[in-house]
$ cat structure_17.json   # JSON, C-alpha atoms and all ligand atoms
[["chain", "number", "residue", "atom", "x", "y", "z"],
["K", 1, "MET", "CA", 4.17, 11.73, 28.22],
["K", 2, "ALA", "CA", 7.28, 10.35, 26.51],
["K", 3, "ASP", "CA", 8.40, 12.30, 23.46],
["K", 4, "ASP", "CA", 7.69, 9.43, 21.13],
["K", 5, "GLU", "CA", 4.23, 8.96, 22.65],
["K", 6, "VAL", "CA", 1.28, 10.18, 20.64],
["K", 7, "SER", "CA", -1.91, 11.47, 22.24],
["K", 8, "ILE", "CA", -4.98, 9.83, 20.66],
["K", 9, "PRO", "CA", -8.06, 12.10, 20.75],
["K", 10, "ASP", "CA", -10.81, 10.75, 23.06],
["K", 11, "ALA", "CA", -13.40, 11.40, 20.33],
["K", 12, "LEU", "CA", -11.49, 9.11, 17.96],
["K", 13, "LEU", "CA", -11.18, 6.38, 20.60],
["K", 14, "GLU", "CA", -14.90, 6.59, 21.37],
["K", 15, "ALA", "CA", -15.75, 6.37, 17.66],
["K", 16, "LEU", "CA", -13.49, 3.33, 17.27],
["K", 17, "ARG", "CA", -15.03, 1.57, 20.29],
["K", 18, "ALA", "CA", -18.55, 2.15, 18.95],
["K", 19, "ALA", "CA", -17.72, 1.37, 15.30],
["K", 20, "ARG", "CA", -19.47, -1.45, 13.45],
["K", 21, "GLN", "CA", -16.99, -0.98, 10.58],
["K", 22, "VAL", "CA", -13.47, 0.49, 10.65],
["K", 23, "THR", "CA", -11.74, 0.91, 7.30],
["K", 24, "VAL", "CA", -8.04, 1.66, 7.03],
["K", 25, "LEU", "CA", -6.23, 2.91, 3.91],
["K", 26, "THR", "CA", -2.46, 2.61, 4.07],
["K", 27, "GLY", "CA", 0.22, 4.03, 1.83],
["K", 28, "ALA", "CA", 3.96, 3.87, 1.45],
["K", 29, "GLY", "CA", 4.52, 5.80, 4.68],
["K", 30, "VAL", "CA", 3.55, 2.70, 6.68],
["K", 31, "SER", "CA", 6.43, 0.77, 5.10],
["K", 32, "ALA", "CA", 8.91, 3.66, 5.32],
["K", 33, "GLU", "CA", 9.92, 2.54, 8.83],
["K", 34, "SER", "CA", 10.71, -0.89, 7.41],
["K", 35, "GLY", "CA", 13.27, 0.71, 5.11],
["K", 36, "VAL", "CA", 11.09, 0.65, 2.00],
["K", 37, "PRO", "CA", 11.38, 4.09, 0.32],
["K", 38, "THR", "CA", 8.09, 5.89, -0.14],
["K", 39, "PHE", "CA", 6.98, 6.26, -3.70],
["K", 40, "ARG", "CA", 7.93, 9.89, -3.80],
["K", 41, "ASP", "CA", 11.22, 9.51, -1.96],
["K", 42, "ALA", "CA", 14.17, 10.09, -4.21],
["K", 43, "GLN", "CA", 15.07, 6.86, -5.95],
["K", 44, "GLN", "CA", 18.31, 5.46, -4.62],
["K", 45, "GLY", "CA", 21.60, 4.87, -6.39],
["K", 46, "LEU", "CA", 21.36, 3.47, -9.89],
["K", 47, "TRP", "CA", 17.70, 4.33, -10.12],
["K", 48, "ALA", "CA", 18.08, 7.95, -8.99],
["K", 49, "ARG", "CA", 17.91, 9.20, -12.58],
["K", 50, "TYR", "CA", 14.57, 7.53, -13.30],
["K", 51, "ASP", "CA", 11.16, 8.91, -12.36],
["K", 52, "PRO", "CA", 9.13, 6.04, -10.83],
["K", 53, "GLN", "CA", 5.98, 7.44, -12.36],
["K", 54, "GLN", "CA", 7.61, 7.01, -15.79],
["K", 55, "LEU", "CA", 8.69, 3.42, -15.09],
["K", 56, "ALA", "CA", 5.47, 2.12, -13.51],
["K", 57, "THR", "CA", 3.50, 2.36, -16.76],
["K", 58, "PRO", "CA", 2.43, -0.06, -19.54],
["K", 59, "GLU", "CA", 4.11, 2.26, -22.04],
["K", 60, "ALA", "CA", 7.47, 1.98, -20.27],
["K", 61, "PHE", "CA", 7.17, -1.81, -20.20],
["K", 62, "GLU", "CA", 6.24, -1.86, -23.89],
["K", 63, "ALA", "CA", 9.16, 0.40, -24.76],
["K", 64, "ASP", "CA", 11.81, -1.26, -22.58],
["K", 65, "PRO", "CA", 10.58, -4.37, -20.73],
["K", 66, "THR", "CA", 14.11, -5.17, -19.56],
["K", 67, "LEU", "CA", 14.58, -1.78, -17.86],
["K", 68, "VAL", "CA", 11.19, -2.00, -16.12],
["K", 69, "TRP", "CA", 11.81, -5.61, -15.12],
["K", 70, "GLN", "CA", 15.26, -4.70, -13.67],
["K", 71, "TRP", "CA", 13.70, -1.81, -11.70],
["K", 72, "TYR", "CA", 11.16, -4.19, -10.15],
["K", 73, "ARG", "CA", 13.92, -6.71, -9.46],
["K", 74, "TRP", "CA", 15.78, -3.96, -7.55],
["K", 75, "ARG", "CA", 12.57, -3.11, -5.60],
["K", 76, "ARG", "CA", 11.91, -6.81, -4.88],
["K", 77, "GLU", "CA", 15.44, -7.28, -3.55],
["K", 78, "LEU", "CA", 15.03, -4.16, -1.36],
["K", 79, "ILE", "CA", 11.64, -5.33, -0.05],
["K", 80, "ALA", "CA", 12.97, -8.85, 0.58],
["K", 81, "ARG", "CA", 15.25, -7.30, 3.22],
["K", 82, "ALA", "CA", 12.35, -5.47, 4.89],
["K", 83, "GLU", "CA", 10.47, -6.69, 7.94],
["K", 84, "PRO", "CA", 7.07, -5.54, 9.19],
["K", 85, "ASN", "CA", 7.46, -2.65, 11.65],
["K", 86, "PRO", "CA", 5.41, -1.79, 14.78],
["K", 87, "GLY", "CA", 2.92, 0.06, 12.59],
["K", 88, "HIS", "CA", 2.17, -3.04, 10.51],
["K", 89, "ARG", "CA", 1.93, -5.16, 13.68],
["K", 90, "ALA", "CA", -0.38, -2.67, 15.40],
["K", 91, "LEU", "CA", -2.78, -2.84, 12.44],
["K", 92, "ALA", "CA", -2.78, -6.65, 12.73],
["K", 93, "ASP", "CA", -3.55, -6.26, 16.46],
["K", 94, "LEU", "CA", -6.31, -3.75, 15.68],
["K", 95, "GLU", "CA", -8.19, -6.49, 13.80],
["K", 96, "SER", "CA", -8.89, -8.19, 17.14],
["K", 97, "LEU", "CA", -10.25, -4.96, 18.63],
["K", 98, "CYS", "CA", -12.43, -3.58, 15.81],
["K", 99, "PRO", "CA", -14.39, -4.93, 12.79],
["K", 100, "LEU", "CA", -11.67, -3.83, 10.36],
["K", 101, "THR", "CA", -11.07, -3.81, 6.61],
["K", 102, "LEU", "CA", -7.49, -2.98, 5.61],
["K", 103, "VAL", "CA", -7.03, -1.50, 2.13],
["K", 104, "THR", "CA", -3.42, -0.95, 1.12],
["K", 105, "GLN", "CA", -1.84, 0.90, -1.78],
["K", 106, "ASN", "CA", 1.42, -0.85, -0.94],
["K", 107, "VAL", "CA", 2.58, -3.77, -3.05],
["K", 108, "ASP", "CA", 5.21, -5.04, -0.57],
["K", 109, "GLY", "CA", 3.08, -7.66, 1.23],
["K", 110, "LEU", "CA", 4.27, -6.45, 4.67],
["K", 111, "HIS", "CA", 0.74, -6.22, 6.12],
["K", 112, "ARG", "CA", 0.20, -9.95, 5.44],
["K", 113, "ASP", "CA", 3.66, -10.70, 6.83],
["K", 114, "ALA", "CA", 2.63, -8.84, 10.03],
["K", 115, "GLY", "CA", -0.46, -11.05, 10.37],
["K", 116, "SER", "CA", -3.22, -8.87, 8.92],
["K", 117, "ALA", "CA", -5.92, -11.02, 7.34],
["K", 118, "GLY", "CA", -7.98, -10.23, 4.27],
["K", 119, "VAL", "CA", -5.78, -7.36, 3.11],
["K", 120, "VAL", "CA", -7.27, -5.57, 0.10],
["K", 121, "GLU", "CA", -4.30, -5.09, -2.25],
["K", 122, "PHE", "CA", -5.51, -2.04, -4.16],
["K", 123, "HIS", "CA", -2.39, -1.82, -6.33],
["K", 124, "GLY", "CA", -1.53, -5.53, -6.50],
["K", 125, "ASN", "CA", 1.47, -7.33, -5.08],
["K", 126, "ILE", "CA", 5.09, -7.04, -6.24],
["K", 127, "HIS", "CA", 5.83, -10.65, -5.26],
["K", 128, "ARG", "CA", 3.47, -12.06, -7.88],
["K", 129, "ASP", "CA", 4.13, -12.28, -11.65],
["K", 130, "ARG", "CA", 1.55, -12.03, -14.41],
["K", 131, "CYS", "CA", 1.61, -12.96, -18.12],
["K", 132, "SER", "CA", 1.59, -9.66, -20.03],
["K", 133, "ARG", "CA", -0.53, -11.26, -22.78],
["K", 134, "GLU", "CA", -2.95, -13.56, -20.95],
["K", 135, "ASP", "CA", -3.21, -11.47, -17.76],
["K", 136, "VAL", "CA", -3.03, -14.55, -15.53],
["K", 137, "ILE", "CA", -0.76, -15.14, -12.56],
["K", 138, "VAL", "CA", 2.21, -17.28, -13.60],
["K", 139, "GLU", "CA", 5.45, -18.57, -12.15],
["K", 140, "PRO", "CA", 8.28, -18.22, -14.66],
["K", 141, "SER", "CA", 10.75, -21.08, -14.82],
["K", 142, "PRO", "CA", 13.69, -20.49, -12.43],
["K", 143, "ASP", "CA", 15.91, -21.57, -15.33],
["K", 144, "ASP", "CA", 14.62, -18.74, -17.52],
["K", 145, "ASP", "CA", 17.24, -16.03, -17.00],
["K", 146, "ARG", "CA", 15.80, -13.64, -19.61],
["K", 147, "GLU", "CA", 14.81, -10.20, -18.28],
["K", 148, "PRO", "CA", 11.83, -10.30, -18.23],
["K", 149, "PRO", "CA", 11.38, -14.08, -18.34],
["K", 150, "GLY", "CA", 8.80, -15.63, -20.63],
["K", 151, "CYS", "CA", 5.37, -16.84, -19.59],
["K", 152, "PRO", "CA", 5.58, -20.62, -19.05],
["K", 153, "ARG", "CA", 2.31, -20.97, -21.04],
["K", 154, "CYS", "CA", 2.76, -18.70, -24.06],
["K", 155, "ASP", "CA", 6.28, -17.24, -23.68],
["K", 156, "ALA", "CA", 5.01, -13.64, -23.72],
["K", 157, "PRO", "CA", 7.03, -11.36, -21.40],
["K", 158, "VAL", "CA", 6.11, -11.69, -17.73],
["K", 159, "ARG", "CA", 5.36, -8.54, -15.68],
["K", 160, "PRO", "CA", 4.89, -7.84, -11.96],
["K", 161, "ASP", "CA", 1.28, -8.24, -10.77],
["K", 162, "VAL", "CA", 1.00, -4.57, -9.80],
["K", 163, "VAL", "CA", -1.25, -1.76, -11.02],
["K", 164, "TRP", "CA", 0.61, 0.70, -13.25],
["K", 165, "PHE", "CA", -0.35, 4.30, -13.89],
["K", 166, "GLY", "CA", -3.24, 4.39, -16.31],
["K", 167, "GLU", "CA", -4.36, 0.85, -15.44],
["K", 168, "ALA", "CA", -7.57, -0.16, -13.70],
["K", 169, "ILE", "CA", -7.69, -1.25, -10.07],
["K", 170, "PRO", "CA", -8.49, -5.01, -9.84],
["K", 171, "GLY", "CA", -12.29, -5.28, -9.81],
["K", 172, "ASP", "CA", -12.62, -7.28, -6.58],
["K", 173, "ALA", "CA", -10.23, -4.95, -4.72],
["K", 174, "LEU", "CA", -12.10, -1.87, -5.90],
["K", 175, "ARG", "CA", -15.52, -3.27, -5.00],
["K", 176, "THR", "CA", -14.39, -4.41, -1.55],
["K", 177, "ALA", "CA", -12.66, -1.10, -0.82],
["K", 178, "LEU", "CA", -15.64, 0.99, -1.95],
["K", 179, "GLU", "CA", -18.09, -1.11, 0.05],
["K", 180, "ALA", "CA", -15.92, -0.97, 3.19],
["K", 181, "THR", "CA", -15.56, 2.80, 2.78],
["K", 182, "GLU", "CA", -19.28, 3.43, 2.31],
["K", 183, "ARG", "CA", -20.01, 1.40, 5.47],
["K", 184, "ALA", "CA", -17.19, 2.83, 7.58],
["K", 185, "ASP", "CA", -18.02, 4.44, 10.90],
["K", 186, "VAL", "CA", -14.31, 5.26, 11.22],
["K", 187, "PHE", "CA", -11.83, 5.64, 8.35],
["K", 188, "LEU", "CA", -8.08, 5.83, 9.02],
["K", 189, "ALA", "CA", -5.72, 7.11, 6.30],
["K", 190, "VAL", "CA", -2.21, 6.08, 7.31],
["K", 191, "GLY", "CA", 1.04, 6.96, 5.55],
["K", 192, "THR", "CA", -0.41, 8.21, 2.30],
["K", 193, "SER", "CA", 0.04, 11.52, 0.50],
["K", 194, "ALA", "CA", -3.57, 11.10, -0.74],
["K", 195, "THR", "CA", -2.51, 12.16, -4.22],
["K", 196, "VAL", "CA", -3.13, 9.06, -6.36],
["K", 197, "HIS", "CA", -6.70, 8.22, -7.39],
["K", 198, "PRO", "CA", -8.90, 6.29, -7.07],
["K", 199, "ALA", "CA", -7.28, 5.30, -3.73],
["K", 200, "ALA", "CA", -7.10, 8.90, -2.50],
["K", 201, "GLY", "CA", -10.78, 9.36, -3.39],
["K", 202, "LEU", "CA", -11.74, 6.82, -0.71],
["K", 203, "ILE", "CA", -11.00, 9.46, 1.92],
["K", 204, "ASP", "CA", -13.58, 11.88, 0.55],
["K", 205, "ARG", "CA", -16.05, 9.03, 0.06],
["K", 206, "ALA", "CA", -15.67, 8.20, 3.76],
["K", 207, "LEU", "CA", -16.21, 11.84, 4.70],
["K", 208, "ASP", "CA", -19.29, 12.03, 2.44],
["K", 209, "ALA", "CA", -20.64, 8.82, 3.99],
["K", 210, "GLY", "CA", -20.43, 10.41, 7.45],
["K", 211, "ALA", "CA", -17.46, 8.48, 8.84],
["K", 212, "VAL", "CA", -15.11, 9.87, 11.46],
["K", 213, "VAL", "CA", -11.92, 10.27, 9.41],
["K", 214, "ALA", "CA", -8.43, 10.41, 10.91],
["K", 215, "GLU", "CA", -5.03, 10.66, 9.27],
["K", 216, "ILE", "CA", -1.67, 9.45, 10.59],
["K", 217, "ASN", "CA", 1.19, 11.15, 8.79],
["K", 218, "PRO", "CA", 4.16, 13.25, 9.97],
["K", 219, "GLU", "CA", 3.30, 15.66, 7.13],
["K", 220, "ALA", "CA", -0.22, 16.80, 6.30],
["K", 221, "SER", "CA", -1.45, 14.95, 3.21],
["K", 222, "ALA", "CA", -3.56, 16.40, 0.41],
["K", 223, "ALA", "CA", -6.60, 15.39, 2.48],
["K", 224, "GLY", "CA", -5.17, 16.71, 5.75],
["K", 225, "SER", "CA", -7.34, 19.81, 5.87],
["K", 226, "ARG", "CA", -10.54, 17.76, 5.50],
["K", 227, "VAL", "CA", -10.05, 15.00, 8.08],
["K", 228, "HIS", "CA", -11.53, 15.18, 11.59],
["K", 229, "HIS", "CA", -8.32, 14.10, 13.34],
["K", 230, "ALA", "CA", -4.78, 14.62, 12.00],
["K", 231, "LEU", "CA", -2.14, 12.81, 14.04],
["K", 232, "ALA", "CA", 1.20, 14.31, 13.01],
["K", 233, "ALA", "CA", 3.28, 11.25, 13.80],
["K", 234, "GLY", "CA", 4.86, 8.21, 12.22],
["K", 235, "ALA", "CA", 2.72, 5.13, 11.77],
["K", 236, "GLY", "CA", 5.19, 3.06, 13.81],
["K", 237, "THR", "CA", 4.54, 5.30, 16.83],
["K", 238, "ALA", "CA", 0.92, 6.38, 16.43],
["K", 239, "LEU", "CA", -0.64, 3.01, 15.60],
["K", 240, "PRO", "CA", 0.81, 1.19, 18.63],
["K", 241, "ALA", "CA", -0.28, 4.16, 20.79],
["K", 242, "LEU", "CA", -3.79, 3.88, 19.35],
["K", 243, "VAL", "CA", -3.97, 0.14, 20.09],
["K", 244, "ARG", "CA", -2.64, 0.69, 23.64],
["K", 245, "ALA", "CA", -5.24, 3.42, 24.27],
["K", 246, "LEU", "CA", -8.07, 1.21, 22.97],
["K", 247, "ARG", "CA", -6.97, -1.68, 25.20],
["K", 248, "GLN", "CA", -6.64, 0.60, 28.26],
["K", 249, "GLY", "CA", -10.23, 1.68, 27.68],
["K", 250, "GLY", "CA", -11.36, -1.92, 27.65],
["K", 251, "CYS", "CA", -11.94, -2.28, 23.93],
["C", 301, "LIG", "P1", 3.68, 8.65, -1.22],
["C", 301, "LIG", "O1", 5.15, 8.43, -1.35],
["C", 301, "LIG", "O2", 2.96, 9.51, -2.23],
["C", 301, "LIG", "O3", 3.34, 9.28, 0.21],
["C", 301, "LIG", "C1", 3.88, 8.68, 1.36],
["C", 301, "LIG", "C2", 3.31, 9.44, 2.54],
["C", 301, "LIG", "O4", 3.80, 8.82, 3.71],
["C", 301, "LIG", "C3", 3.75, 10.90, 2.59],
["C", 301, "LIG", "O5", 2.61, 11.73, 2.80],
["C", 301, "LIG", "C4", 4.69, 10.96, 3.81],
["C", 301, "LIG", "O6", 4.55, 12.18, 4.52],
["C", 301, "LIG", "C5", 4.14, 9.82, 4.64],
["C", 301, "LIG", "N1", 5.10, 9.21, 5.56],
["C", 301, "LIG", "C6", 6.44, 9.14, 5.46],
["C", 301, "LIG", "N2", 6.94, 8.46, 6.52],
["C", 301, "LIG", "C7", 5.88, 8.09, 7.29],
["C", 301, "LIG", "C8", 5.73, 7.37, 8.50],
["C", 301, "LIG", "N3", 6.79, 6.89, 9.18],
["C", 301, "LIG", "N4", 4.47, 7.17, 9.00],
["C", 301, "LIG", "C9", 3.39, 7.66, 8.34],
["C", 301, "LIG", "N5", 3.48, 8.35, 7.18],
["C", 301, "LIG", "C10", 4.70, 8.56, 6.67],
["C", 301, "LIG", "O7", 3.03, 7.19, -1.16],
["C", 301, "LIG", "P2", 1.53, 6.80, -1.35],
["C", 301, "LIG", "O8", 0.61, 7.84, -0.82],
["C", 301, "LIG", "O9", 1.37, 5.44, -0.85],
["C", 301, "LIG", "O10", 0.83, 3.87, -6.93],
["C", 301, "LIG", "O11", 1.41, 6.78, -2.94],
["C", 301, "LIG", "C11", 0.24, 6.25, -3.50],
["C", 301, "LIG", "C12", 0.61, 5.59, -4.78],
["C", 301, "LIG", "O12", 1.44, 6.45, -5.59],
["C", 301, "LIG", "C13", 1.44, 4.33, -4.65],
["C", 301, "LIG", "O13", 0.68, 3.22, -4.30],
["C", 301, "LIG", "C14", 1.93, 4.19, -6.07],
["C", 301, "LIG", "C15", 2.35, 5.62, -6.31],
["C", 301, "LIG", "O14", 2.24, 5.97, -7.63],
["C", 301, "LIG", "C16", 1.03, 2.85, -7.84],
["C", 301, "LIG", "O15", 2.07, 2.24, -7.86],
["C", 301, "LIG", "C17", -0.10, 2.64, -8.78]]
$ encode --input "structure_17.json" --output "structure tokens"
Amino acid sequence: MADDEVSIPDALLEALRAARQVTVLTGAGVSAESGVPTFRDAQQGLWARYDPQQLATPEAFEADPTLVWQWYRWRRELIARAEPNPGHRALADLESLCPLTLVTQNVDGLHRDAGSAGVVEFHGNIHRDRCSREDVIVEPSPDDDREPPGCPRCDAPVRPDVVWFGEAIPGDALRTALEATERADVFLAVGTSATVHPAAGLIDRALDAGAVVAEINPEASAAGSRVHHALAAGAGTALPALVRALRQGGC
């Protein structure tokens, strides 16, 4: 077996083939191989001195909207250079092999770019803007060079349409994710440290609901000791190997 090959447990393959519902939760590790730093990677360059968990908060935006806006502009520019990697594409392929719901904590939009349909964006999407007063999606005028720009409807500061620490998960996303987790016969946690709730809690909900739970992560996550299968590998290697193994078995 080639070094970069990953062996997929037969029990996991059998569970996937028999599953009426497969639910996948992805985290920043899936986008790491696209060059998008994970949330807990050291910030790069200019932003190295800031703690992301201090910037991604309503309080930080209230205190210094320009700083927070500039940080998101830096992240948007970094993500704009990123392409979906084999892990993203394998998850899009998996949709044709299993009844799948993909829940992502990532805000980079790379699952949609890879062709995944119906992605549940648990933490929103960095490419969308929202009025900080009216809470509606807006498109600031391209001529508005303020940082942040003003809402085209009420001129309140515009913010990224992402979930910040201390904010609620969008209702539809939460309901869809919970329902898909309760119904899951197989639950895959891919590229997440399983440390931020309520997303991380979906793993234990899947276990409590009797699903076969597997994790794909080069490092064991906070849930690693509780899952049925822990594949210590990168998403860009393990997910294509999983799809190949399912196809070889006639899935
Ligand atoms: P983290 O940065 O907490 O964890 C990333 C995980 O990916 C780690 O466990 C790494 O070991 C793993 N990893 C790294 N490279 C990988 C690879 N090639 N393949 C698979 N796994 C790999 O990111 P998240 O768990 O996504 O929340 O963090 C969850 C949330 O914390 C984020 O959505 C964000 C952050 O606060 C909000 O913004 C609200």
$ atom_distance --input "structure_17.json" --atom1 "atom CA of Pro86 of chain K" --atom2 "atom O9 of ligand LIG 301 (chain C)"
17.7 Å
$ residues_around --input "structure_17.json" --residues "Ala230 of chain K" --least-positions-apart "3" --cutoff "7 Å" --atoms "all atoms listed in the file" --output "list in words"
Ala214, Glu215, Ile216, Gly224 and Val227 of chain K
$ closest_atom_pairs --input "structure_17.json" --of "segment 16-106 of chain K" --to "segment 159-180 of chain K" --cutoff "12 Å" --atoms "only C-alpha atoms" --output "tab-separated table"
residue	atom	partner	partner_atom	distance
K:Arg20	CA	K:Ala180	CA	10.9
K:Gln21	CA	K:Ala180	CA	7.5
K:Val22	CA	K:Ala180	CA	8.0
K:Thr23	CA	K:Ala180	CA	6.2
K:Val24	CA	K:Ala180	CA	9.2
K:Leu25	CA	K:Ala177	CA	8.9
K:Thr26	CA	K:Ala177	CA	11.9
K:Pro52	CA	K:Phe165	CA	10.1
K:Gln53	CA	K:Phe165	CA	7.2
K:Gln54	CA	K:Phe165	CA	8.6
K:Leu55	CA	K:Trp164	CA	8.7
K:Ala56	CA	K:Trp164	CA	5.1
K:Thr57	CA	K:Trp164	CA	4.8
K:Pro58	CA	K:Trp164	CA	6.6
K:Glu59	CA	K:Phe165	CA	9.5
K:Ala60	CA	K:Trp164	CA	9.9
K:Phe61	CA	K:Arg159	CA	8.3
K:Glu62	CA	K:Arg159	CA	10.6
K:Asp64	CA	K:Arg159	CA	11.9
K:Pro65	CA	K:Arg159	CA	8.4
K:Thr66	CA	K:Arg159	CA	10.1
K:Leu67	CA	K:Arg159	CA	11.6
K:Val68	CA	K:Arg159	CA	8.8
K:Trp69	CA	K:Arg159	CA	7.1
K:Gln70	CA	K:Arg159	CA	10.8
K:Trp71	CA	K:Pro160	CA	10.7
K:Tyr72	CA	K:Pro160	CA	7.5
K:Arg73	CA	K:Pro160	CA	9.4
K:Arg75	CA	K:Pro160	CA	11.0
K:Arg76	CA	K:Pro160	CA	10.0
K:Pro99	CA	K:Ala180	CA	10.5
K:Leu100	CA	K:Ala180	CA	8.8
K:Thr101	CA	K:Ala180	CA	6.6
K:Leu102	CA	K:Ala177	CA	8.5
K:Val103	CA	K:Ala177	CA	6.4
K:Thr104	CA	K:Ala177	CA	9.4
K:Gln105	CA	K:Val163	CA	9.6
K:Asn106	CA	K:Val162	CA	9.6
$ residues_near_ligand --input "structure_17.json" --ligand "ligand LIG 301 (chain C)" --cutoff "6 Å" --atoms "only C-alpha atoms and all ligand atoms" --output "ChimeraX atom specification"
/K:27-30,32-33,38-40,105-106,123,163-165,190-194,196,216-219,221,234-235
$ closest_residue --input "structure_17.json" --among "K:Ala80, K:Ala18, K:Ala232, K:Ala92" --to "Gly118 of chain K" --atoms "only C-alpha atoms"
K:Ala92
$ residues_around --input "structure_17.json" --residues "segment 129-134 of chain K" --least-positions-apart "6" --cutoff "9 Å" --atoms "only C-alpha atoms" --output "PDB file with C-alpha atoms, keeping the file's coordinate frame"
ATOM      1  CA  PRO K 140       8.280 -18.220 -14.660  1.00  0.00           C
ATOM      2  CA  GLY K 150       8.800 -15.630 -20.630  1.00  0.00           C
ATOM      3  CA  CYS K 151       5.370 -16.840 -19.590  1.00  0.00           C
ATOM      4  CA  PRO K 152       5.580 -20.620 -19.050  1.00  0.00           C
ATOM      5  CA  ARG K 153       2.310 -20.970 -21.040  1.00  0.00           C
ATOM      6  CA  CYS K 154       2.760 -18.700 -24.060  1.00  0.00           C
ATOM      7  CA  ASP K 155       6.280 -17.240 -23.680  1.00  0.00           C
ATOM      8  CA  ALA K 156       5.010 -13.640 -23.720  1.00  0.00           C
ATOM      9  CA  PRO K 157       7.030 -11.360 -21.400  1.00  0.00           C
ATOM     10  CA  VAL K 158       6.110 -11.690 -17.730  1.00  0.00           C
ATOM     11  CA  ARG K 159       5.360  -8.540 -15.680  1.00  0.00           C
ATOM     12  CA  PRO K 160       4.890  -7.840 -11.960  1.00  0.00           C
ATOM     13  CA  ASP K 161       1.280  -8.240 -10.770  1.00  0.00           C
ATOM     14  CA  VAL K 162       1.000  -4.570  -9.800  1.00  0.00           C
TER      15      VAL K 162
END
$ atom_distance --input "structure_17.json" --atom1 "atom CA of Leu239 of chain K" --atom2 "atom CA of Thr181 of chain K"
19.7 Å
$ residues_around --input "structure_17.json" --residues "segment 10-15 of chain K" --least-positions-apart "2" --cutoff "7 Å" --atoms "all atoms listed in the file" --output "JSON, numbers by chain"
{"K": [8, 17, 18, 19, 186, 246]}
$ closest_residue --input "structure_17.json" --among "K:Val36, K:Trp74, K:Leu202, K:Leu16" --to "Asp185 of chain K" --atoms "all atoms listed in the file"
K:Leu16
$ closest_residue --input "structure_17.json" --among "K:Asp145, K:Arg49, K:Val138, K:Ser31" --to "Leu110 of chain K" --atoms "only C-alpha atoms"
K:Ser31
$ closest_residue --input "structure_17.json" --among "K:Asp135, K:Glu95, K:Glu182, K:Glu77" --to "Val119 of chain K" --atoms "all atoms listed in the file"
K:Glu95
$ build_atoms --input "structure_17.json" --residues "segment 146-156 of chain K" --atoms "N, CA, C and O atoms" --output "PDB file, in the frame of the given file"
ATOM      1  N   ARG K 146      16.077 -14.858 -18.810  1.00  0.00           N
ATOM      2  CA  ARG K 146      15.800 -13.640 -19.610  1.00  0.00           C
ATOM      3  C   ARG K 146      15.212 -12.574 -18.678  1.00  0.00           C
ATOM      4  O   ARG K 146      14.630 -12.869 -17.651  1.00  0.00           O
ATOM      5  N   GLU K 147      15.390 -11.321 -19.057  1.00  0.00           N
ATOM      6  CA  GLU K 147      14.810 -10.200 -18.280  1.00  0.00           C
ATOM      7  C   GLU K 147      13.965  -9.329 -19.206  1.00  0.00           C
ATOM      8  O   GLU K 147      14.498  -8.559 -19.991  1.00  0.00           O
ATOM      9  N   PRO K 148      12.604  -9.400 -19.088  1.00  0.00           N
ATOM     10  CA  PRO K 148      11.830 -10.300 -18.230  1.00  0.00           C
ATOM     11  C   PRO K 148      11.805 -11.721 -18.764  1.00  0.00           C
ATOM     12  O   PRO K 148      11.978 -11.932 -19.965  1.00  0.00           O
ATOM     13  N   PRO K 149      11.531 -12.690 -17.900  1.00  0.00           N
ATOM     14  CA  PRO K 149      11.380 -14.080 -18.340  1.00  0.00           C
ATOM     15  C   PRO K 149      10.120 -14.228 -19.191  1.00  0.00           C
ATOM     16  O   PRO K 149       9.271 -13.321 -19.241  1.00  0.00           O
ATOM     17  N   GLY K 150       9.985 -15.387 -19.820  1.00  0.00           N
ATOM     18  CA  GLY K 150       8.800 -15.630 -20.630  1.00  0.00           C
ATOM     19  C   GLY K 150       7.738 -16.361 -19.831  1.00  0.00           C
ATOM     20  O   GLY K 150       8.039 -17.086 -18.888  1.00  0.00           O
ATOM     21  N   CYS K 151       6.493 -16.138 -20.214  1.00  0.00           N
ATOM     22  CA  CYS K 151       5.370 -16.840 -19.590  1.00  0.00           C
ATOM     23  C   CYS K 151       5.536 -18.333 -19.840  1.00  0.00           C
ATOM     24  O   CYS K 151       5.779 -18.739 -21.000  1.00  0.00           O
ATOM     25  N   PRO K 152       5.414 -19.175 -18.828  1.00  0.00           N
ATOM     26  CA  PRO K 152       5.580 -20.620 -19.050  1.00  0.00           C
ATOM     27  C   PRO K 152       4.493 -21.213 -19.940  1.00  0.00           C
ATOM     28  O   PRO K 152       4.647 -22.312 -20.456  1.00  0.00           O
ATOM     29  N   ARG K 153       3.406 -20.446 -20.195  1.00  0.00           N
ATOM     30  CA  ARG K 153       2.310 -20.970 -21.040  1.00  0.00           C
ATOM     31  C   ARG K 153       2.460 -20.497 -22.480  1.00  0.00           C
ATOM     32  O   ARG K 153       2.293 -21.265 -23.424  1.00  0.00           O
ATOM     33  N   CYS K 154       2.786 -19.224 -22.683  1.00  0.00           N
ATOM     34  CA  CYS K 154       2.760 -18.700 -24.060  1.00  0.00           C
ATOM     35  C   CYS K 154       4.049 -17.981 -24.450  1.00  0.00           C
ATOM     36  O   CYS K 154       4.163 -17.465 -25.560  1.00  0.00           O
ATOM     37  N   ASP K 155       4.976 -17.871 -23.493  1.00  0.00           N
ATOM     38  CA  ASP K 155       6.280 -17.240 -23.680  1.00  0.00           C
ATOM     39  C   ASP K 155       6.235 -15.731 -23.901  1.00  0.00           C
ATOM     40  O   ASP K 155       7.256 -15.114 -24.199  1.00  0.00           O
ATOM     41  N   ALA K 156       5.050 -15.123 -23.686  1.00  0.00           N
ATOM     42  CA  ALA K 156       5.010 -13.640 -23.720  1.00  0.00           C
ATOM     43  C   ALA K 156       5.796 -13.130 -22.509  1.00  0.00           C
ATOM     44  O   ALA K 156       5.949 -13.849 -21.521  1.00  0.00           O
TER      45      ALA K 156
END
